[in-house]
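One structure below.
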Amino acid sequence: MHEVWNDGWDGAHLALLADDFIAPIQVSDEEFFAWLETNPCPIDEPSTEVIEIAPRRRRQQFLEGITLLKLDEQALQVQRIKWIAAEATTYARQAQNPIQENIQDRVFVAELALTLGLTEYSAQALIARAKILTTDRRQTLAAVDSGRITLRHAEHIADEGAGLFGDLGTRFERAALIMAEGMTPAKLKNELGKLRERLQPDDSAERHADALLDRQVRIAPNRDGMGELWASLSGEDTVAIDAKLDACVRSIKNAGGEDGRTASQLRADVLVDLILNDDSGVRSIRPVVLLTAPAATAVGGDAPAELQGQGPIDADTARALIDLSSGFYRVLVSPTTGKVVDIDTTARHIPESVRRLVTLRDGTCRFPGCNRSAVGLDLDHVDDYARSGYTAADNLIALCRKHHRLRHLGRWNGILDAEGLVTWTSPSGRVDVTHPANPVSVPKPTSIRKKEPPQVPQVPPLWAGSVWNVPPNSDTYTRFIGPPPF
């Protein structure tokens, strides 16, 4: 730097060069290039003798090392796919009829999701891809094993090529592998859709009708009191919705009503207004929500509240929801433990107080790994009502319809204890515990099924990391690594 200073560069130019390495340049592109034209670099190119070779060699060794690690990781991924496909086939063979096969498939999906820490939707997709890659797309899986493509490439090939068999499937896989070696997974996904259309242009309407059956809308909580809304719709509907939002934003801007909001903020506000408000802008829909807030917050305090299905929200938002409500639930909370001990209401035309208490206590579906809000879910008797004749909070848990059926048909056992914890035992012996969102004191533990849990199997499972448990009175367990490599 001193040598450059002595060569006649002024301080402003040196500062600008230094800023290139620590912060973005704050001048426009036109100003920057105009300065370069009038200030050619006075420093000669360094000779090849002064170039440091060691850093280059170290970087080459680094790149070679992570390439080897990548190959090892992909080999393990291929091995996992083969195990999953083999075990899924074993489950299917154990079924005696299509109904039992469907139940076995659901049990396997649930256990695999819990073992790998995935959602059931992701586990189901993983199983479907494993079956495809070990049968109709073996060449794709071999390309992953050899390091020619990544697993993400293979997943896109499996998804986009689903339903293509015989010569059509072979042509699709051959072309897809050629494209995959020179594309990123994201670009490959777009190109595979075009390839599929070129190979089978005649049944596009039928395939669109089948895909339309999977349309859905989902929500998910986000940080800082925010939430996410995700929808899978037909292409024409998504384009029309996007055009509608843009048209509304342009109308607001032309009328001078943007108030400093960005286009993205306006699109979000327009979407909320179209769905929740009437033509006059008044909130016409008042959904049933459970909001837990300190009394001091309701009258102006700063303590945060909690919105069921979303999480913590600030005091101002809580008071806005309170203003929209037509009735209140009075929740009695222990001042020492914070546990809910009672709940009632003064509102009319609402479910019985027991349903409200269980919904508030559970927060979500109590099946392991399920995060659906407990509002509106089934309340399942822990001890069958036909046998016990007992309906109370300590004999009920919230379950979504899918897991309600799986609990009865898939031989899942569990225990609801005095703290509101549900201890589940899967058909293969895996044990998981689900915790209530708002702990409630109940008088006694109740068994979900009045029979002994399954005995410890003597044969290890076919997937890695599964846990087989001995009867509940023991704390010991055995962890198996998996079967011999294929």
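Identifiers in this document derive from the order of the structure tokens: chains are assigned A, B, ..., residues are numbered from 1 separately in each chain, and ligands are numbered from 1 in order of occurrence.
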
Would you list the contacts of Arg129 of chain A as a list in words, taking every protein, DNA or RNA residue within 10 Å and counting only C-alpha atoms, but skipping same-chain residues closer than 3 positions in sequence?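 Result of the neighbour search: Ile81, Ile84, Ala85, Ala123, Gln124, Ala125, Leu126, Ile132, Leu133, Thr134, Thr135, Arg137, Ala154, Glu155, His156, Ile157, Ala158, Asp159 and Ala162 of chain A.
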
Selection: 9 Å around segment 204-218 of chain A, only C-alpha atoms, excl. self and same-chain fewer than 5 positions, as a list of chain:residue names: A:Glu197, A:Glu228, A:Leu229, A:Trp230, A:Ala231, A:Ser232, A:Leu233, A:Ser234

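Closest approach to Gly193 of chain A from the set A:Glu101, A:Glu160, A:Glu419, A:Asp378 is made by A:Glu160, with distances taken over only C-alpha atoms.
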
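Ranking A:Leu266, A:Ala34, A:Ala75, A:Ala315 by their shortest atom-to-atom distance to Lys253 of chain A, with only C-alpha atoms included, puts A:Leu266 first.
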
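With distances restricted to only C-alpha atoms, A:Leu406 is the closest residue to Asn102 of chain A from A:Val239, A:Leu406, A:Val249, A:Ile275.
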
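Atom CA of His435 of chain A sits 4.9 Å away from atom CA of Leu421 of chain A.
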